[in-house]
Amino acid sequence: MATVHLRIGDLVWGKLGRYPPWPGKVVSPPKDLKKPRGKKCHFVKFFGTEDHAWIKVEQLKPYHPHKEEMIKINKGKRFQQAVDAVEDFLKKKEKQGGKEQSSEGKGDSKGKKTPAKPLKILEEDDEDLSALKDPSEKPVRDDPHFHHFLLSQTEKPASSMEPISKRLKIVEEDTRSTSIQAADSTAINGSITPTDKRIGFLGLGLMGSGIVSNLLKMGHVVTVWNRTVEKCDLFIQEGARLGRTPAEVVSMCDITFSCVSDPKAARDLVLGPSGVLQGIRPGKCYVEMSTVDPETITELSQVISSRGGRFLEAPVAGSQQVSNEGMLVILAAGDRTVYEDCSSCFQAMGKTSFFLGEVGNAARMMLILNMVQGSFMATIAEGLTLAQATGQSQHTFLDILSQGQMASTFVDQKCQNILQGNFKPDYYLKHIQKDLRLAISMGDTANHPTPMAAAANEVYKRAKALDQSDNDMSAVYRAYIH
């Protein structure tokens with residue numbers, strides 16, 4: 001990029017390391033942040049990410065003259081959202097008569113100065129990235145298998161520099177498990193570099209369909225199989241290959257993912273006729289993404305390993321919509337090297353991944369999360385029906401709920417489903433009831449009471465008896481009105 005003369009407030013395209021240009025604004029750096037030595041650079045705030053970085057002047061271009069050029073060469077949802085954020089900024093600036101209003105260090109109504117939010121700061125140095133790190137955080141190691149832009153996840157004021165080098169952040173916990181927070185890989189560069197490994201995927205249900213679609217969009221070579229073969233047709237049109245059996249898919253691929261409905265389906269897929277186990281050879285990787293119990297996961301891990309295979313469990317938190325958007329949260333446990341080999345796949349399908357240690361930990365965590373979600377959904381349905389029974393407006397109840405501490409996309413979407421009578425499945429009711437049942441059983445094994453989950457489970461069982469199994473989980477509402 002050619003050298004340009006810029007000043008504070010100018011909109012720019014900034015290029016960081018080997019990543020594509022991203023829209024930003026030249027801003028004043030914090031007083032205690034020193035400018036890198038020997039560099040002519042500007043401090044830039046990136047739109048759509050809230051990240052900041054020192055960018056060399058030769059890596060900057062004015063925003064408006066190069067807008068069309070950049071839009072043509074850069075693709076991706078996050079990139080488009082960043083461009084939209086620039087346009088929103090320009091509209092607001094125009095309404096304000098060309099003046100900017102900064103919220104950083106701005107006084108409150110009583111004249112007191114409110115502290116600015118801590119900045120997420122990245123530094124470029126010969127294509128290495130650096131980020132501010134809170135000294136109170138536990139030690140961070142580099143993960144060599146994530147090669148994409150990392151956004152600092154810390155919320156605390158930062159005061160020291162810690163090299164990240166385009167890696168994941170890995171934090172050792174007291175439980176001896178490892179928590180990994182990965183930034184959405186498309187947040188800055190708008191795309192990812194797909195692995196050259198051959199990917200297999202078994203199960204094209206609500207979650208699996210969205211996952212495979214995103215793997216293909218990001219350039220992965222994917223072979224698919226589904227019990228109902230017609231579901232494969234759309235993905236074949238998008239460039240996927242077809243496997244005739246699970247065994248064939250595994251034998252053709254380096255890493256095979258599976259995402260099916262329950263423990264029985266997961267076992268049958270591996271142990272049944274022409275199943276996964278028949279295709280496993282030494283070095284083959286198998287990743288179980290189904291939400292099942294720890295016992296099933298342990299059994300599958302043992303049989304895969306007995307054939308020389310490498311095993312990882314990686315259940316996902318989300319829904320059909322979240323899966324389609326590539327914004328799942330992935331919980332992984334088992335063979336760490338498989339987790340690392342799956343890095344580009346996880347970035348294609350999700351916004352964050354966690355490595356939780358030994359096999360079974362991800363299943364346990366996933367069941368706990370879904371137990372909470374399922375119980376919460378039943379409570380929302382109970383609240384809506386109680387509002388109606390006591391002469392209160394359900395719409396007003398939702399309006400009040402959406403303005404309080406429990407406001408969330410989940411609450412809004414599920415309540416709208418109920419009020420509109422639209423129970424098209426985003427997460428099957430029968431599956432959340434299965435997860436509640438498995439969580440209660442896990443509690444029994446640990447001799448830990450789960451009375452709230454048990455009560456919610458009974459409501460979902462009643463909803464299933466009312467023929468709501470294949471509807472969305474929000475159809476639990478109907479258990480209260482029949």
# chains A, B, ... in the order shown; residues from 1 in each chain; ligands from 1
call {"tool": "closest_atom_pairs", "arguments": {"of": "range 223-338 of chain A", "to": "range 342-361 of chain A", "cutoff": "6 Å", "atoms": "only C-alpha atoms", "output": "JSON lines"}}
result
{"residue": "A:Pro294", "atom": "CA", "partner": "A:Gly360", "partner_atom": "CA", "distance": 4.7}
{"residue": "A:Gly326", "atom": "CA", "partner": "A:Met349", "partner_atom": "CA", "distance": 4.3}
{"residue": "A:Met327", "atom": "CA", "partner": "A:Gly350", "partner_atom": "CA", "distance": 4.3}
{"residue": "A:Leu328", "atom": "CA", "partner": "A:Gly350", "partner_atom": "CA", "distance": 4.1}
{"residue": "A:Val329", "atom": "CA", "partner": "A:Thr352", "partner_atom": "CA", "distance": 5.1}
{"residue": "A:Ile330", "atom": "CA", "partner": "A:Ser353", "partner_atom": "CA", "distance": 4.5}
{"residue": "A:Leu331", "atom": "CA", "partner": "A:Phe354", "partner_atom": "CA", "distance": 5.0}
{"residue": "A:Ala332", "atom": "CA", "partner": "A:Phe355", "partner_atom": "CA", "distance": 4.7}
{"residue": "A:Ala333", "atom": "CA", "partner": "A:Gly357", "partner_atom": "CA", "distance": 5.0}
{"residue": "A:Gly334", "atom": "CA", "partner": "A:Val359", "partner_atom": "CA", "distance": 4.4}
call {"tool": "residues_around", "arguments": {"residues": "range 407-416 of chain A", "least_positions_apart": "4", "cutoff": "9 Å", "atoms": "only C-alpha atoms", "output": "list in words"}}
result
Met377, Ile380, Ala381, Leu384, His395, Leu398, Leu401, Ser402, Gln403, Gln420, Gly421, Asn422, Phe423, Asp472, Met473 and Ser474 of chain A
call {"tool": "closest_residue", "arguments": {"among": "A:Gln392, A:Ser319, A:Asn457, A:Thr445", "to": "Phe376 in chain A", "atoms": "only C-alpha atoms"}}
result
A:Asn457
call {"tool": "atom_distance", "arguments": {"atom1": "CA of Lys77 in chain A", "atom2": "CA of Glu94 in chain A"}}
result
25.8 Å
call {"tool": "select_by_dssp", "arguments": {"residues": "range 254-428 of chain A", "states": "helix (DSSP H, G or I)", "output": "MDAnalysis selection string"}}
result
chainID A and resid 263:271 276:279 294:306 320:324 336:341 343:349 361:389 394:402 409:420
call {"tool": "atom_distance", "arguments": {"atom1": "CA of Arg336 in chain A", "atom2": "CA of Ala314 in chain A"}}
result
11.5 Å
call {"tool": "atom_distance", "arguments": {"atom1": "CA of Ser213 in chain A", "atom2": "CA of Gln433 in chain A"}}
result
27.0 Å
call {"tool": "residues_around", "arguments": {"residues": "Lys284 in chain A", "least_positions_apart": "2", "cutoff": "9 Å", "atoms": "only C-alpha atoms", "output": "PDB file with all heavy atoms, in the first residue's frame"}}
result
ATOM      1  N   VAL A 250     -15.268 -42.773   6.403  1.00  0.00           N
ATOM      2  CA  VAL A 250     -14.097 -42.787   7.292  1.00  0.00           C
ATOM      3  C   VAL A 250     -12.848 -43.251   6.547  1.00  0.00           C
ATOM      4  O   VAL A 250     -11.758 -42.698   6.720  1.00  0.00           O
ATOM      5  CB  VAL A 250     -14.353 -43.691   8.514  1.00  0.00           C
ATOM      6  CG1 VAL A 250     -13.088 -43.857   9.340  1.00  0.00           C
ATOM      7  CG2 VAL A 250     -15.461 -43.089   9.372  1.00  0.00           C
ATOM      8  N   SER A 251     -12.995 -44.259   5.709  1.00  0.00           N
ATOM      9  CA  SER A 251     -11.835 -44.783   4.979  1.00  0.00           C
ATOM     10  C   SER A 251     -11.318 -43.788   3.953  1.00  0.00           C
ATOM     11  O   SER A 251     -10.114 -43.775   3.637  1.00  0.00           O
ATOM     12  CB  SER A 251     -12.200 -46.109   4.280  1.00  0.00           C
ATOM     13  OG  SER A 251     -13.192 -45.895   3.285  1.00  0.00           O
ATOM     14  N   CYS A 253     -11.508 -40.413   4.310  1.00  0.00           N
ATOM     15  CA  CYS A 253     -11.201 -39.106   4.905  1.00  0.00           C
ATOM     16  C   CYS A 253     -10.157 -39.194   6.019  1.00  0.00           C
ATOM     17  O   CYS A 253      -9.952 -40.248   6.620  1.00  0.00           O
ATOM     18  CB  CYS A 253     -12.477 -38.470   5.448  1.00  0.00           C
ATOM     19  SG  CYS A 253     -13.725 -38.169   4.165  1.00  0.00           S
ATOM     20  N   ASP A 254      -9.528 -38.059   6.288  1.00  0.00           N
ATOM     21  CA  ASP A 254      -8.549 -37.979   7.378  1.00  0.00           C
ATOM     22  C   ASP A 254      -9.238 -37.722   8.714  1.00  0.00           C
ATOM     23  O   ASP A 254      -8.850 -38.275   9.749  1.00  0.00           O
ATOM     24  CB  ASP A 254      -7.551 -36.853   7.097  1.00  0.00           C
ATOM     25  CG  ASP A 254      -6.823 -37.046   5.782  1.00  0.00           C
ATOM     26  OD1 ASP A 254      -6.194 -38.104   5.621  1.00  0.00           O
ATOM     27  OD2 ASP A 254      -6.901 -36.148   4.918  1.00  0.00           O
ATOM     28  N   ILE A 255     -10.252 -36.846   8.677  1.00  0.00           N
ATOM     29  CA  ILE A 255     -11.014 -36.500   9.881  1.00  0.00           C
ATOM     30  C   ILE A 255     -12.490 -36.660   9.563  1.00  0.00           C
ATOM     31  O   ILE A 255     -12.982 -36.082   8.593  1.00  0.00           O
ATOM     32  CB  ILE A 255     -10.757 -35.045  10.321  1.00  0.00           C
ATOM     33  CG1 ILE A 255      -9.266 -34.787  10.551  1.00  0.00           C
ATOM     34  CG2 ILE A 255     -11.553 -34.712  11.585  1.00  0.00           C
ATOM     35  CD1 ILE A 255      -8.923 -33.322  10.795  1.00  0.00           C
ATOM     36  N   THR A 256     -13.197 -37.437  10.355  1.00  0.00           N
ATOM     37  CA  THR A 256     -14.634 -37.623  10.155  1.00  0.00           C
ATOM     38  C   THR A 256     -15.396 -37.125  11.373  1.00  0.00           C
ATOM     39  O   THR A 256     -15.120 -37.532  12.504  1.00  0.00           O
ATOM     40  CB  THR A 256     -14.981 -39.102   9.906  1.00  0.00           C
ATOM     41  OG1 THR A 256     -14.276 -39.559   8.750  1.00  0.00           O
ATOM     42  CG2 THR A 256     -16.481 -39.275   9.691  1.00  0.00           C
ATOM     43  N   GLY A 279     -14.232 -48.664   9.128  1.00  0.00           N
ATOM     44  CA  GLY A 279     -13.376 -47.843   8.282  1.00  0.00           C
ATOM     45  C   GLY A 279     -12.180 -47.258   9.014  1.00  0.00           C
ATOM     46  O   GLY A 279     -11.300 -46.656   8.387  1.00  0.00           O
ATOM     47  N   ILE A 280     -12.150 -47.422  10.336  1.00  0.00           N
ATOM     48  CA  ILE A 280     -11.056 -46.848  11.133  1.00  0.00           C
ATOM     49  C   ILE A 280      -9.754 -47.610  10.887  1.00  0.00           C
ATOM     50  O   ILE A 280      -9.719 -48.839  10.935  1.00  0.00           O
ATOM     51  CB  ILE A 280     -11.398 -46.868  12.638  1.00  0.00           C
ATOM     52  CG1 ILE A 280     -12.502 -45.841  12.941  1.00  0.00           C
ATOM     53  CG2 ILE A 280     -10.165 -46.587  13.480  1.00  0.00           C
ATOM     54  CD1 ILE A 280     -12.067 -44.399  12.819  1.00  0.00           C
ATOM     55  N   ARG A 281      -8.706 -46.851  10.642  1.00  0.00           N
ATOM     56  CA  ARG A 281      -7.356 -47.381  10.503  1.00  0.00           C
ATOM     57  C   ARG A 281      -6.439 -46.527  11.378  1.00  0.00           C
ATOM     58  O   ARG A 281      -6.797 -45.417  11.769  1.00  0.00           O
ATOM     59  CB  ARG A 281      -6.898 -47.319   9.037  1.00  0.00           C
ATOM     60  CG  ARG A 281      -7.759 -48.099   8.061  1.00  0.00           C
ATOM     61  CD  ARG A 281      -7.604 -49.604   8.244  1.00  0.00           C
ATOM     62  NE  ARG A 281      -8.403 -50.345   7.261  1.00  0.00           N
ATOM     63  CZ  ARG A 281      -9.669 -50.673   7.426  1.00  0.00           C
ATOM     64  NH1 ARG A 281     -10.303 -50.314   8.526  1.00  0.00           N
ATOM     65  NH2 ARG A 281     -10.316 -51.353   6.491  1.00  0.00           N
ATOM     66  N   PRO A 282      -5.250 -47.000  11.693  1.00  0.00           N
ATOM     67  CA  PRO A 282      -4.339 -46.194  12.508  1.00  0.00           C
ATOM     68  C   PRO A 282      -4.157 -44.784  11.937  1.00  0.00           C
ATOM     69  O   PRO A 282      -3.905 -44.617  10.740  1.00  0.00           O
ATOM     70  CB  PRO A 282      -3.029 -46.990  12.458  1.00  0.00           C
ATOM     71  CG  PRO A 282      -3.486 -48.414  12.310  1.00  0.00           C
ATOM     72  CD  PRO A 282      -4.674 -48.341  11.395  1.00  0.00           C
ATOM     73  N   TYR A 286     -11.656 -39.388  14.454  1.00  0.00           N
ATOM     74  CA  TYR A 286     -13.111 -39.408  14.552  1.00  0.00           C
ATOM     75  C   TYR A 286     -13.551 -38.399  15.613  1.00  0.00           C
ATOM     76  O   TYR A 286     -13.075 -38.442  16.752  1.00  0.00           O
ATOM     77  CB  TYR A 286     -13.615 -40.808  14.931  1.00  0.00           C
ATOM     78  CG  TYR A 286     -15.115 -40.940  14.874  1.00  0.00           C
ATOM     79  CD1 TYR A 286     -15.797 -40.807  13.668  1.00  0.00           C
ATOM     80  CD2 TYR A 286     -15.862 -41.208  16.014  1.00  0.00           C
ATOM     81  CE1 TYR A 286     -17.173 -40.926  13.597  1.00  0.00           C
ATOM     82  CE2 TYR A 286     -17.243 -41.343  15.958  1.00  0.00           C
ATOM     83  CZ  TYR A 286     -17.898 -41.197  14.748  1.00  0.00           C
ATOM     84  OH  TYR A 286     -19.253 -41.313  14.692  1.00  0.00           O
ATOM     85  N   GLY A 308      -6.581 -48.070  16.605  1.00  0.00           N
ATOM     86  CA  GLY A 308      -5.516 -47.150  16.235  1.00  0.00           C
ATOM     87  C   GLY A 308      -5.999 -45.785  15.819  1.00  0.00           C
ATOM     88  O   GLY A 308      -5.220 -44.940  15.358  1.00  0.00           O
ATOM     89  N   GLY A 309      -7.318 -45.558  15.955  1.00  0.00           N
ATOM     90  CA  GLY A 309      -7.879 -44.255  15.594  1.00  0.00           C
ATOM     91  C   GLY A 309      -7.637 -43.211  16.670  1.00  0.00           C
ATOM     92  O   GLY A 309      -7.260 -43.532  17.797  1.00  0.00           O
ATOM     93  N   ARG A 310      -7.841 -41.947  16.317  1.00  0.00           N
ATOM     94  CA  ARG A 310      -7.691 -40.828  17.252  1.00  0.00           C
ATOM     95  C   ARG A 310      -9.066 -40.220  17.478  1.00  0.00           C
ATOM     96  O   ARG A 310      -9.803 -39.952  16.525  1.00  0.00           O
ATOM     97  CB  ARG A 310      -6.732 -39.791  16.673  1.00  0.00           C
ATOM     98  CG  ARG A 310      -5.331 -40.348  16.427  1.00  0.00           C
ATOM     99  CD  ARG A 310      -4.579 -39.546  15.386  1.00  0.00           C
ATOM    100  NE  ARG A 310      -4.412 -38.159  15.799  1.00  0.00           N
ATOM    101  CZ  ARG A 310      -4.206 -37.153  14.952  1.00  0.00           C
ATOM    102  NH1 ARG A 310      -4.177 -37.375  13.634  1.00  0.00           N
ATOM    103  NH2 ARG A 310      -4.051 -35.922  15.416  1.00  0.00           N
ATOM    104  N   PHE A 311      -9.419 -39.987  18.746  1.00  0.00           N
ATOM    105  CA  PHE A 311     -10.796 -39.623  19.083  1.00  0.00           C
ATOM    106  C   PHE A 311     -10.887 -38.266  19.771  1.00  0.00           C
ATOM    107  O   PHE A 311     -10.080 -37.928  20.637  1.00  0.00           O
ATOM    108  CB  PHE A 311     -11.402 -40.686  19.998  1.00  0.00           C
ATOM    109  CG  PHE A 311     -12.846 -40.434  20.344  1.00  0.00           C
ATOM    110  CD1 PHE A 311     -13.867 -40.862  19.502  1.00  0.00           C
ATOM    111  CD2 PHE A 311     -13.189 -39.754  21.510  1.00  0.00           C
ATOM    112  CE1 PHE A 311     -15.197 -40.626  19.818  1.00  0.00           C
ATOM    113  CE2 PHE A 311     -14.520 -39.527  21.837  1.00  0.00           C
ATOM    114  CZ  PHE A 311     -15.528 -39.956  20.985  1.00  0.00           C
TER     115      PHE A 311
END
call {"tool": "closest_residue", "arguments": {"among": "A:Trp54, A:Phe43, A:Phe79, A:Phe235", "to": "Trp22 in chain A", "atoms": "only C-alpha atoms"}}
result
A:Phe79
call {"tool": "residues_around", "arguments": {"residues": "range 202-212 of chain A", "least_positions_apart": "6", "cutoff": "7 Å", "atoms": "only C-alpha atoms", "output": "MDAnalysis selection string"}}
result
chainID A and resid 224:226 231 246 257:260 319:320 323:324 349
call {"tool": "write_last_selection", "arguments": {"atoms": "N, CA and C atoms", "output": "JSON list (two decimals), in the first residue's frame"}}
result
[["chain", "number", "residue", "atom", "x", "y", "z"],
["A", 224, "VAL", "N", -19.91, -36.43, 2.52],
["A", 224, "VAL", "CA", -21.05, -36.50, 3.43],
["A", 224, "VAL", "C", -21.77, -37.84, 3.32],
["A", 225, "TRP", "N", -22.44, -38.19, 4.40],
["A", 225, "TRP", "CA", -23.33, -39.36, 4.44],
["A", 225, "TRP", "C", -24.49, -39.03, 5.36],
["A", 226, "ASN", "N", -25.66, -39.49, 5.00],
["A", 226, "ASN", "CA", -26.84, -39.36, 5.86],
["A", 226, "ASN", "C", -27.71, -40.58, 5.67],
["A", 231, "LYS", "N", -31.07, -36.13, 1.63],
["A", 231, "LYS", "CA", -30.58, -34.92, 2.30],
["A", 231, "LYS", "C", -29.18, -34.53, 1.84],
["A", 246, "PRO", "N", -21.06, -45.07, 6.35],
["A", 246, "PRO", "CA", -20.14, -44.43, 7.30],
["A", 246, "PRO", "C", -18.73, -45.00, 7.19],
["A", 257, "PHE", "N", -16.36, -36.23, 11.13],
["A", 257, "PHE", "CA", -17.24, -35.70, 12.17],
["A", 257, "PHE", "C", -18.58, -36.44, 12.10],
["A", 258, "SER", "N", -19.23, -36.58, 13.24],
["A", 258, "SER", "CA", -20.60, -37.10, 13.24],
["A", 258, "SER", "C", -21.46, -36.25, 14.15],
["A", 259, "CYS", "N", -22.71, -36.08, 13.76],
["A", 259, "CYS", "CA", -23.65, -35.30, 14.58],
["A", 259, "CYS", "C", -25.03, -35.93, 14.41],
["A", 260, "VAL", "N", -25.41, -36.76, 15.38],
["A", 260, "VAL", "CA", -26.69, -37.46, 15.32],
["A", 260, "VAL", "C", -27.51, -37.19, 16.58],
["A", 319, "SER", "N", -28.16, -23.64, 18.01],
["A", 319, "SER", "CA", -29.42, -24.07, 17.41],
["A", 319, "SER", "C", -29.23, -24.13, 15.90],
["A", 320, "GLN", "N", -30.30, -24.45, 15.18],
["A", 320, "GLN", "CA", -30.19, -24.50, 13.72],
["A", 320, "GLN", "C", -29.77, -23.15, 13.17],
["A", 323, "SER", "N", -26.18, -22.52, 13.96],
["A", 323, "SER", "CA", -25.37, -23.39, 13.13],
["A", 323, "SER", "C", -25.25, -22.85, 11.71],
["A", 324, "ASN", "N", -26.36, -22.41, 11.16],
["A", 324, "ASN", "CA", -26.35, -21.84, 9.81],
["A", 324, "ASN", "C", -25.45, -20.61, 9.72],
["A", 349, "MET", "N", -17.21, -23.35, 11.55],
["A", 349, "MET", "CA", -18.55, -23.65, 12.08],
["A", 349, "MET", "C", -18.90, -22.87, 13.34]]
call {"tool": "residues_around", "arguments": {"residues": "range 450-455 of chain A", "least_positions_apart": "2", "cutoff": "7 Å", "atoms": "only C-alpha atoms", "output": "short mmCIF file (atom, residue, chain, number, x, y, z; two decimals) with C-alpha atoms, in the first residue's frame"}}
result
data_model
loop_
_atom_site.label_atom_id
_atom_site.label_comp_id
_atom_site.auth_asym_id
_atom_site.auth_seq_id
_atom_site.Cartn_x
_atom_site.Cartn_y
_atom_site.Cartn_z
CA MET A 371 -30.12 -28.71 31.42
CA SER A 375 -35.22 -25.62 32.52
CA LEU A 436 -32.56 -33.15 30.54
CA ILE A 440 -30.61 -35.94 35.62
CA GLY A 443 -26.66 -36.07 38.64
CA HIS A 448 -26.13 -34.67 43.21
CA ASN A 457 -38.29 -32.84 32.41
CA GLU A 458 -41.81 -33.80 33.43
CA VAL A 459 -43.22 -30.78 31.60
#
call {"tool": "closest_residue", "arguments": {"among": "A:Gly404, A:Glu248, A:Leu312, A:Ala446", "to": "Thr337 in chain A", "atoms": "only C-alpha atoms"}}
result
A:Leu312
call {"tool": "select_by_dssp", "arguments": {"residues": "range 187-383 of chain A", "states": "strand (DSSP E)", "output": "ChimeraX atom specification"}}
result
/A:199-202,222-225,241-242,255-258,285-288,310-313,316-317,328-334,350-355
call {"tool": "decode", "arguments": {"residues": "range 214-223 of chain A", "atoms": "all heavy atoms", "output": "short mmCIF file (atom, residue, chain, number, x, y, z; two decimals), in the first residue's frame"}}
result
data_model
loop_
_atom_site.label_atom_id
_atom_site.label_comp_id
_atom_site.auth_asym_id
_atom_site.auth_seq_id
_atom_site.Cartn_x
_atom_site.Cartn_y
_atom_site.Cartn_z
N ASN A 214 -21.19 -24.53 6.11
CA ASN A 214 -20.12 -23.59 6.42
C ASN A 214 -18.74 -24.16 6.14
O ASN A 214 -17.83 -23.43 5.73
CB ASN A 214 -20.22 -23.14 7.88
CG ASN A 214 -21.30 -22.11 8.09
OD1 ASN A 214 -21.32 -21.08 7.43
ND2 ASN A 214 -22.23 -22.38 8.99
N LEU A 215 -18.56 -25.47 6.32
CA LEU A 215 -17.30 -26.10 5.96
C LEU A 215 -17.04 -25.95 4.46
O LEU A 215 -15.92 -25.62 4.02
CB LEU A 215 -17.31 -27.58 6.34
CG LEU A 215 -17.21 -27.92 7.82
CD1 LEU A 215 -17.44 -29.41 8.05
CD2 LEU A 215 -15.87 -27.51 8.40
N LEU A 216 -18.09 -26.17 3.66
CA LEU A 216 -17.95 -26.04 2.21
C LEU A 216 -17.70 -24.60 1.80
O LEU A 216 -16.85 -24.33 0.94
CB LEU A 216 -19.21 -26.58 1.53
CG LEU A 216 -19.44 -28.10 1.61
CD1 LEU A 216 -20.84 -28.45 1.13
CD2 LEU A 216 -18.39 -28.85 0.79
N LYS A 217 -18.42 -23.67 2.42
CA LYS A 217 -18.25 -22.25 2.07
C LYS A 217 -16.82 -21.79 2.32
O LYS A 217 -16.32 -20.92 1.61
CB LYS A 217 -19.22 -21.39 2.90
CG LYS A 217 -20.66 -21.47 2.47
CD LYS A 217 -21.55 -20.66 3.40
CE LYS A 217 -23.03 -20.81 3.03
NZ LYS A 217 -23.91 -20.10 4.00
N MET A 218 -16.19 -22.35 3.35
CA MET A 218 -14.84 -21.93 3.69
C MET A 218 -13.77 -22.76 2.98
O MET A 218 -12.59 -22.70 3.31
CB MET A 218 -14.64 -22.02 5.21
CG MET A 218 -15.49 -21.01 5.97
SD MET A 218 -15.14 -19.31 5.46
CE MET A 218 -16.38 -18.42 6.41
N GLY A 219 -14.20 -23.56 2.01
CA GLY A 219 -13.23 -24.21 1.13
C GLY A 219 -12.75 -25.59 1.54
O GLY A 219 -11.79 -26.11 0.95
N HIS A 220 -13.38 -26.22 2.53
CA HIS A 220 -12.97 -27.56 2.93
C HIS A 220 -13.46 -28.60 1.93
O HIS A 220 -14.52 -28.45 1.32
CB HIS A 220 -13.52 -27.89 4.32
CG HIS A 220 -12.95 -27.04 5.41
ND1 HIS A 220 -13.44 -25.78 5.70
CD2 HIS A 220 -11.91 -27.24 6.26
CE1 HIS A 220 -12.73 -25.26 6.70
NE2 HIS A 220 -11.80 -26.12 7.05
N VAL A 221 -12.69 -29.66 1.79
CA VAL A 221 -13.10 -30.80 0.96
C VAL A 221 -13.87 -31.75 1.86
O VAL A 221 -13.32 -32.33 2.80
CB VAL A 221 -11.87 -31.50 0.36
CG1 VAL A 221 -12.31 -32.74 -0.44
CG2 VAL A 221 -11.09 -30.54 -0.53
N VAL A 222 -15.18 -31.91 1.60
CA VAL A 222 -16.06 -32.64 2.52
C VAL A 222 -16.78 -33.79 1.80
O VAL A 222 -17.32 -33.61 0.71
CB VAL A 222 -17.12 -31.69 3.14
CG1 VAL A 222 -17.94 -32.45 4.18
CG2 VAL A 222 -16.45 -30.47 3.76
N THR A 223 -16.77 -34.94 2.43
CA THR A 223 -17.55 -36.09 1.98
C THR A 223 -18.66 -36.32 3.00
O THR A 223 -18.41 -36.35 4.20
CB THR A 223 -16.68 -37.36 1.89
OG1 THR A 223 -15.62 -37.12 0.96
CG2 THR A 223 -17.49 -38.56 1.43
#
